[in-house]
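S.K.: Quick one: the structure is below, questions incoming.
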Amino acid sequence: MSHGSEAHNELSRALAAAMSSGGQYGPAHLGLSDKDMRRYNLTSAVLAAASGRIANSFEGECSSDIGKRLGMVPNQHSFFMPVEIQYRDMTVAGSSGSNNLVGSRPMSFIDTVRNKSVVTRLGATHLENLTDNATIPKVSTDSTVYWLSTETTQITESQPTIGQIALSAKHAGAYTEISRMLSKQAPAVESLLVATLAGSVGTAIDVAALAGSGSSGQPTGIINTAGVGSFSGTSLGWTGLTEGQSDVIGGSEVDPAQCGYATTAAVALSLMGRQRFTGTDSPVWQGTYGEGIVAGCRALASGNVPSSTMILGHWPSLIIATWGVLQVEVNPYANFQAGTLGIRAMLACDIGVRRAADFSVATSIT
């Protein structure tokens with residue numbers, strides 16, 4: 001076996017190990033007990049940070065431990081959230097209507113992020129809680145396979161062309177505001193906070209993954225990745241959609257079941273009214289305009305997709321890398337008169353496409 005193949009296999013094993021770890025390691029993982037997990041309260045942390053007394057709280061102690069590992073000291077109005085808390089299930093609690101703030105299927109911060117992200121719902125690969133820059137292998141050209149004409153025919157050596165995707169932390173911030181009165185009156189507001197912040201983070205991941213510019217601090221998204229295919233969006237119908245599948249699935253070793261379309265609600269609604277074939281009542285997009293089936297592939301509509309755009313992809317080829325320290329900072333004076341608290345969540349992430357040919361994009365759809 002060649003050195004290049006050995007290197008590729010080793011890097012592939014490292015990638016598989018990182019993916020199977022489930023984000024359980026790194027400086028933000030404190031190994032909290034079940035009791036401490038139940039004790040940790042995001043609302044309490046926010047209010048303590050708002051008053052500048054986060055250091056005197058249990059949540060502040062957790063943040064301080066993470067900060068020591070990172071060599072960073074958060075200010076009195078901010079804190080690091082342990083990764084276990086990001087995975088912790090929110091519980092349905094409260095009475096007199098406060099329990100209505102929690103859905104019937106409680107979800108953790110990470111689960112909520114994933115639920116809000118269309119690229120994740122379509123199957124993007126997540127590398128979570130990284131501590132260093134990551135280099136992911138990609139094979140541009142496979143080794144050549146030869147048929148042996150006789151028992152003594154020798155195989156000609158050939159080398160695969162192996163490239164790399166370099167992932168490094170890029171920082172995104174999400175900001176939201178909550179009423180101080182709400183935080184005091186609603187025992188279950190923690191779940192509302194988690195849903196609000198996680199929704200913002202999920203949106204940021206989507207926007208970057210789909211159309212990040214690669215400049216001004218943004219990751220490079222699918223649309224702006226060199227080598228991604230294209231299909232015509234003019235009077236988009238069955239022919240154009242199957243042209244996209246020809247780009248992604250035709251001749252490639254990808255699983256069609258892992259392929260899907262991401263587009264806008266406006267495009268989805270338009271395709272719901274277009275016939276697959278003249279004289280039939282079968283629409284191109286079958287299902288609701290939020291989620292349907294197009295030419296046998298799953299299709300999702302999202303406001304995070306650029307206007308008049310549709311992306312077909314083999315979504316496991318999209319890498320979403322996150323560095324496991326979520327920092328939350330509180331502004332107690334966002335609206336002093338109304339007692340409104342401003343909350344900013346900072347996330348370190350990056351986006352990578354392992355194989356550009358696994359995606360095809362239609363723009364200016366009519």
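In the structure tokens, each chain is lettered A, B, ... as it comes, each chain's residues begin at 1, and ligands are numbered from 1 in order of appearance.
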Find the residues of region 283-340 of chain A that sit at most 10 Å from region 211-233 of chain A; for each, write down the nearest two atoms and how far apart they are in Å, to one decimal. Count only C-alpha atoms. Sort by chain, then by number going up, and give it as a Markdown table.
M.R.:
| residue | atom | partner | partner_atom | distance |
| --- | --- | --- | --- | --- |
| A:Asn304 | CA | A:Ala211 | CA | 8.9 |
| A:Val305 | CA | A:Ala211 | CA | 7.7 |
| A:Pro306 | CA | A:Ala211 | CA | 7.4 |
| A:Ser308 | CA | A:Gly233 | CA | 8.3 |
| A:Thr309 | CA | A:Gly233 | CA | 7.9 |
| A:Met310 | CA | A:Gly233 | CA | 8.3 |
| A:Ile311 | CA | A:Ile223 | CA | 8.1 |
| A:Leu312 | CA | A:Ser230 | CA | 9.3 |
| A:Gly313 | CA | A:Ile222 | CA | 9.3 |
| A:Leu318 | CA | A:Ile222 | CA | 8.2 |
S.K.: Could those residues be written to a file, using N, CA and C atoms, as a CSV table (one decimal), in the first residue's frame?
M.R.:
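That gives us again13.csv:
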chain,number,residue,atom,x,y,z
A,304,ASN,N,-33.8,30.2,4.9
A,304,ASN,CA,-32.3,30.4,4.9
A,304,ASN,C,-31.7,30.2,3.5
A,305,VAL,N,-32.5,29.7,2.6
A,305,VAL,CA,-32.0,29.5,1.2
A,305,VAL,C,-32.1,30.8,0.4
A,306,PRO,N,-31.1,31.2,-0.3
A,306,PRO,CA,-31.2,32.5,-1.1
A,306,PRO,C,-32.4,32.5,-2.0
A,308,SER,N,-35.0,32.5,-5.0
A,308,SER,CA,-35.0,31.9,-6.3
A,308,SER,C,-33.9,30.9,-6.5
A,309,THR,N,-33.5,30.2,-5.5
A,309,THR,CA,-32.4,29.2,-5.6
A,309,THR,C,-32.9,27.9,-5.1
A,310,MET,N,-32.3,26.8,-5.7
A,310,MET,CA,-32.5,25.5,-5.3
A,310,MET,C,-31.2,24.7,-5.3
A,311,ILE,N,-30.9,23.9,-4.2
A,311,ILE,CA,-29.7,23.2,-4.1
A,311,ILE,C,-30.0,21.7,-4.0
A,312,LEU,N,-29.5,20.9,-4.9
A,312,LEU,CA,-29.6,19.4,-4.8
A,312,LEU,C,-28.2,18.9,-4.3
A,313,GLY,N,-28.2,18.1,-3.3
A,313,GLY,CA,-26.9,17.6,-2.8
A,313,GLY,C,-27.0,16.2,-2.2
A,318,LEU,N,-21.4,17.4,3.1
A,318,LEU,CA,-21.3,18.7,3.7
A,318,LEU,C,-20.9,18.5,5.2
S.K.: List the neighbours of Ala172 (chain A) out to 9 Å using only C-alpha atoms; skip same-chain residues closer than 6 positions along the sequence, and give me the result as a PyMOL selection string.
M.R.: chain A and resi 201+204-205+217-218+345-349
S.K.: Can I get the selection written as a short mmCIF file (atom, residue, chain, number, x, y, z; two decimals), in the first residue's frame, with N, CA, C and O atoms?
M.R.:
data_model
loop_
_atom_site.label_atom_id
_atom_site.label_comp_id
_atom_site.auth_asym_id
_atom_site.auth_seq_id
_atom_site.Cartn_x
_atom_site.Cartn_y
_atom_site.Cartn_z
N VAL A 201 -28.81 30.05 16.40
CA VAL A 201 -27.59 29.34 16.02
C VAL A 201 -27.86 28.44 14.81
O VAL A 201 -27.06 28.38 13.86
N ALA A 204 -27.92 30.51 11.73
CA ALA A 204 -26.58 30.93 11.34
C ALA A 204 -25.84 29.81 10.62
O ALA A 204 -25.15 30.03 9.61
N ILE A 205 -25.98 28.59 11.12
CA ILE A 205 -25.33 27.43 10.49
C ILE A 205 -25.88 27.22 9.09
O ILE A 205 -25.13 27.00 8.13
N GLY A 217 -15.02 36.95 7.52
CA GLY A 217 -15.23 36.08 8.66
C GLY A 217 -16.18 34.93 8.44
O GLY A 217 -16.35 34.08 9.31
N GLN A 218 -16.84 34.86 7.27
CA GLN A 218 -17.80 33.80 7.00
C GLN A 218 -17.13 32.56 6.45
O GLN A 218 -16.15 32.64 5.71
N ALA A 345 -25.20 34.94 22.07
CA ALA A 345 -24.53 33.64 22.08
C ALA A 345 -23.49 33.63 20.98
O ALA A 345 -23.78 33.97 19.83
N MET A 346 -22.26 33.24 21.32
CA MET A 346 -21.16 33.17 20.36
C MET A 346 -20.82 31.72 20.07
O MET A 346 -20.65 30.91 20.99
N LEU A 347 -20.74 31.40 18.80
CA LEU A 347 -20.45 30.03 18.36
C LEU A 347 -19.27 30.03 17.41
O LEU A 347 -19.18 30.87 16.52
N ALA A 348 -18.36 29.08 17.59
CA ALA A 348 -17.24 28.90 16.67
C ALA A 348 -17.54 27.72 15.76
O ALA A 348 -17.80 26.60 16.24
N CYS A 349 -17.56 27.95 14.46
CA CYS A 349 -17.89 26.87 13.53
C CYS A 349 -17.18 27.08 12.20
O CYS A 349 -16.61 28.14 11.93
#
S.K.: Would you please give, as a PyMOL selection string, all residues of region 216-250 of chain A that DSSP assigns to helix (DSSP H, G or I) based on the backbone?
M.R.: chain A and resi 238-248
S.K.: Just the selected residues (C-alpha atoms), exported as a PDB file, in the first residue's frame, please.
M.R.:
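Once everything was written out, this is part_30.pdb:
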ATOM      1  CA  TRP A 238     -39.079  18.034 -14.393  1.00  0.00           C
ATOM      2  CA  THR A 239     -36.323  18.343 -16.985  1.00  0.00           C
ATOM      3  CA  GLY A 240     -34.255  20.801 -14.978  1.00  0.00           C
ATOM      4  CA  LEU A 241     -34.682  18.890 -11.730  1.00  0.00           C
ATOM      5  CA  THR A 242     -33.570  15.607 -13.256  1.00  0.00           C
ATOM      6  CA  GLU A 243     -30.646  17.447 -14.869  1.00  0.00           C
ATOM      7  CA  GLY A 244     -29.529  18.297 -11.348  1.00  0.00           C
ATOM      8  CA  GLN A 245     -29.794  14.640 -10.355  1.00  0.00           C
ATOM      9  CA  SER A 246     -27.696  13.735 -13.368  1.00  0.00           C
ATOM     10  CA  ASP A 247     -24.989  16.054 -12.020  1.00  0.00           C
ATOM     11  CA  VAL A 248     -25.010  14.671  -8.493  1.00  0.00           C
TER      12      VAL A 248
END
S.K.: Name the residues in contact with Leu42 (chain A) at a cut-off of 8 Å, using only C-alpha atoms, excluding same-chain residues fewer than 2 positions from it; report them as a PyMOL selection string.
M.R.: chain A and resi 40+44-46+59+190+193
S.K.: Between CA of Ala265 (chain A) and CA of Leu197 (chain A), what is the distance, to one decimal in Å?
M.R.: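 Atom-to-atom, CA of Ala265 (chain A) to CA of Leu197 (chain A), that is 23.5 Å.
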S.K.: Any idea what's packed within 10 Å of Ala134 (chain A), counting only C-alpha atoms, ignoring anything in its chain fewer than 6 positions away? Could you give it as a PyMOL selection string?
M.R.: chain A and resi 15+127+164-169+321+350
S.K.: Could you work out how far CA of Ala357 (chain A) lies from CA of Val284 (chain A), giving the answer in Å with one decimal?
M.R.: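 CA of Ala357 (chain A) lies 24.1 Å from CA of Val284 (chain A).
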S.K.: Near Arg298 (chain A), counting only C-alpha atoms, which residues have an atom at most 9 Å away, once you skip same-chain residues fewer than 2 positions from it, shown as a ChimeraX atom specification?
M.R.: /A:122,257-262,291-296,300
S.K.: Which is closest to Met81 (chain A) among A:Met181, A:Leu326, A:Cys297, A:Ala195, if we use only C-alpha atoms?
M.R.: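 Closest candidate: A:Leu326.
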S.K.: Have a look at CA of Leu47 (chain A) and CA of Ser64 (chain A) and let me know their distance in Å, one decimal.
M.R.: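 Computed distance, CA of Leu47 (chain A) to CA of Ser64 (chain A), equals 16.8 Å.
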S.K.: Closest to Ile365 (chain A) among A:Gly237, A:Asp34, A:Val73, A:Gly173, using only C-alpha atoms?
M.R.: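 Closest to Ile365 (chain A) of all the choices is A:Gly237.
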S.K.: If we count only C-alpha atoms, what is near Arg274 (chain A) at a cut-off of 12 Å, once residues fewer than 6 positions away on the same chain are taken out, given as JSON, numbers by chain?
M.R.: {"A": [235, 236, 237, 238, 267, 268, 280, 281, 282, 283, 284, 285, 286, 294, 366]}
S.K.: Please save N, CA and C atoms of the selected residues as a compact mmCIF listing (two decimals), in the first residue's frame.
M.R.:
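out-v8.txt, written as the output of this step:
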# COMPACT_ATOMS: atom_id res chain seq x y z
N SER A 235 -37.86 28.47 -16.03
CA SER A 235 -39.09 27.67 -16.09
C SER A 235 -38.85 26.29 -15.49
N LEU A 236 -38.31 26.28 -14.28
CA LEU A 236 -37.87 25.04 -13.64
C LEU A 236 -39.00 24.02 -13.58
N GLY A 237 -38.70 22.84 -14.06
CA GLY A 237 -39.66 21.75 -14.06
C GLY A 237 -38.94 20.42 -14.01
N TRP A 238 -39.61 19.39 -14.49
CA TRP A 238 -39.08 18.03 -14.39
C TRP A 238 -37.73 17.89 -15.08
N VAL A 267 -40.33 28.96 -4.20
CA VAL A 267 -40.03 27.99 -5.26
C VAL A 267 -40.85 26.72 -5.05
N ALA A 268 -40.92 26.26 -3.79
CA ALA A 268 -41.70 25.06 -3.49
C ALA A 268 -43.16 25.24 -3.89
N THR A 280 -51.31 15.75 -17.10
CA THR A 280 -51.50 14.98 -15.88
C THR A 280 -51.78 15.95 -14.73
N ASP A 281 -52.26 15.41 -13.61
CA ASP A 281 -52.52 16.25 -12.44
C ASP A 281 -51.50 16.00 -11.34
N SER A 282 -50.38 15.38 -11.71
CA SER A 282 -49.34 15.06 -10.74
C SER A 282 -48.33 16.20 -10.67
N PRO A 283 -48.21 16.91 -9.53
CA PRO A 283 -47.30 18.05 -9.45
C PRO A 283 -45.85 17.63 -9.34
N VAL A 284 -44.95 18.54 -9.70
CA VAL A 284 -43.51 18.28 -9.58
C VAL A 284 -43.14 18.11 -8.11
N TRP A 285 -43.65 19.00 -7.26
CA TRP A 285 -43.40 18.94 -5.82
C TRP A 285 -44.62 18.30 -5.16
N GLN A 286 -44.44 17.16 -4.55
CA GLN A 286 -45.54 16.45 -3.90
C GLN A 286 -45.38 16.51 -2.39
N VAL A 294 -39.48 15.48 -4.46
CA VAL A 294 -39.26 15.97 -5.81
C VAL A 294 -38.42 14.94 -6.56
N THR A 366 -37.32 30.63 -12.34
CA THR A 366 -38.59 31.21 -12.79
C THR A 366 -39.62 30.11 -12.98
S.K.: Determine the nearest neighbour of Asp358 (chain A) from the options A:Asn56, A:Gln154, A:Ser317, A:Ser200, counting only C-alpha atoms.
M.R.: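 Nearest candidate to Asp358 (chain A) out of A:Asn56, A:Gln154, A:Ser317, A:Ser200: A:Ser317.
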S.K.: Residues within 9 Å of Thr203 (chain A), please, as a VMD selection string. Count only C-alpha atoms; anything in the same chain fewer than 3 positions from it doesn't count.
M.R.: chain A and resid 113 116 to 118 198 to 200 206 to 208 304
S.K.: Could you write out that same residue set with N, CA and C atoms as a compact mmCIF listing (two decimals), in the first residue's frame?
M.R.:
# COMPACT_ATOMS: atom_id res chain seq x y z
N VAL A 113 -30.93 23.02 17.87
CA VAL A 113 -30.12 23.55 16.78
C VAL A 113 -30.31 22.72 15.52
N LYS A 116 -33.67 23.08 13.79
CA LYS A 116 -33.85 24.35 13.09
C LYS A 116 -33.03 24.44 11.81
N SER A 117 -32.07 23.55 11.64
CA SER A 117 -31.16 23.64 10.50
C SER A 117 -31.61 22.71 9.37
N VAL A 118 -31.91 23.29 8.21
CA VAL A 118 -32.37 22.48 7.09
C VAL A 118 -31.27 21.57 6.57
N ALA A 198 -30.97 28.57 20.40
CA ALA A 198 -30.63 27.48 19.48
C ALA A 198 -31.20 27.73 18.10
N GLY A 199 -32.39 28.35 18.03
CA GLY A 199 -32.95 28.68 16.73
C GLY A 199 -32.07 29.66 15.99
N SER A 200 -31.53 30.64 16.70
CA SER A 200 -30.63 31.62 16.08
C SER A 200 -29.35 30.95 15.58
N ASP A 206 -27.20 27.31 8.97
CA ASP A 206 -27.82 27.12 7.65
C ASP A 206 -27.34 28.14 6.63
N VAL A 207 -27.41 29.41 7.01
CA VAL A 207 -27.03 30.48 6.09
C VAL A 207 -25.59 30.32 5.64
N ALA A 208 -24.70 30.00 6.58
CA ALA A 208 -23.28 29.82 6.24
C ALA A 208 -23.07 28.59 5.37
N ASN A 304 -33.79 30.25 4.86
CA ASN A 304 -32.34 30.43 4.87
C ASN A 304 -31.70 30.22 3.50
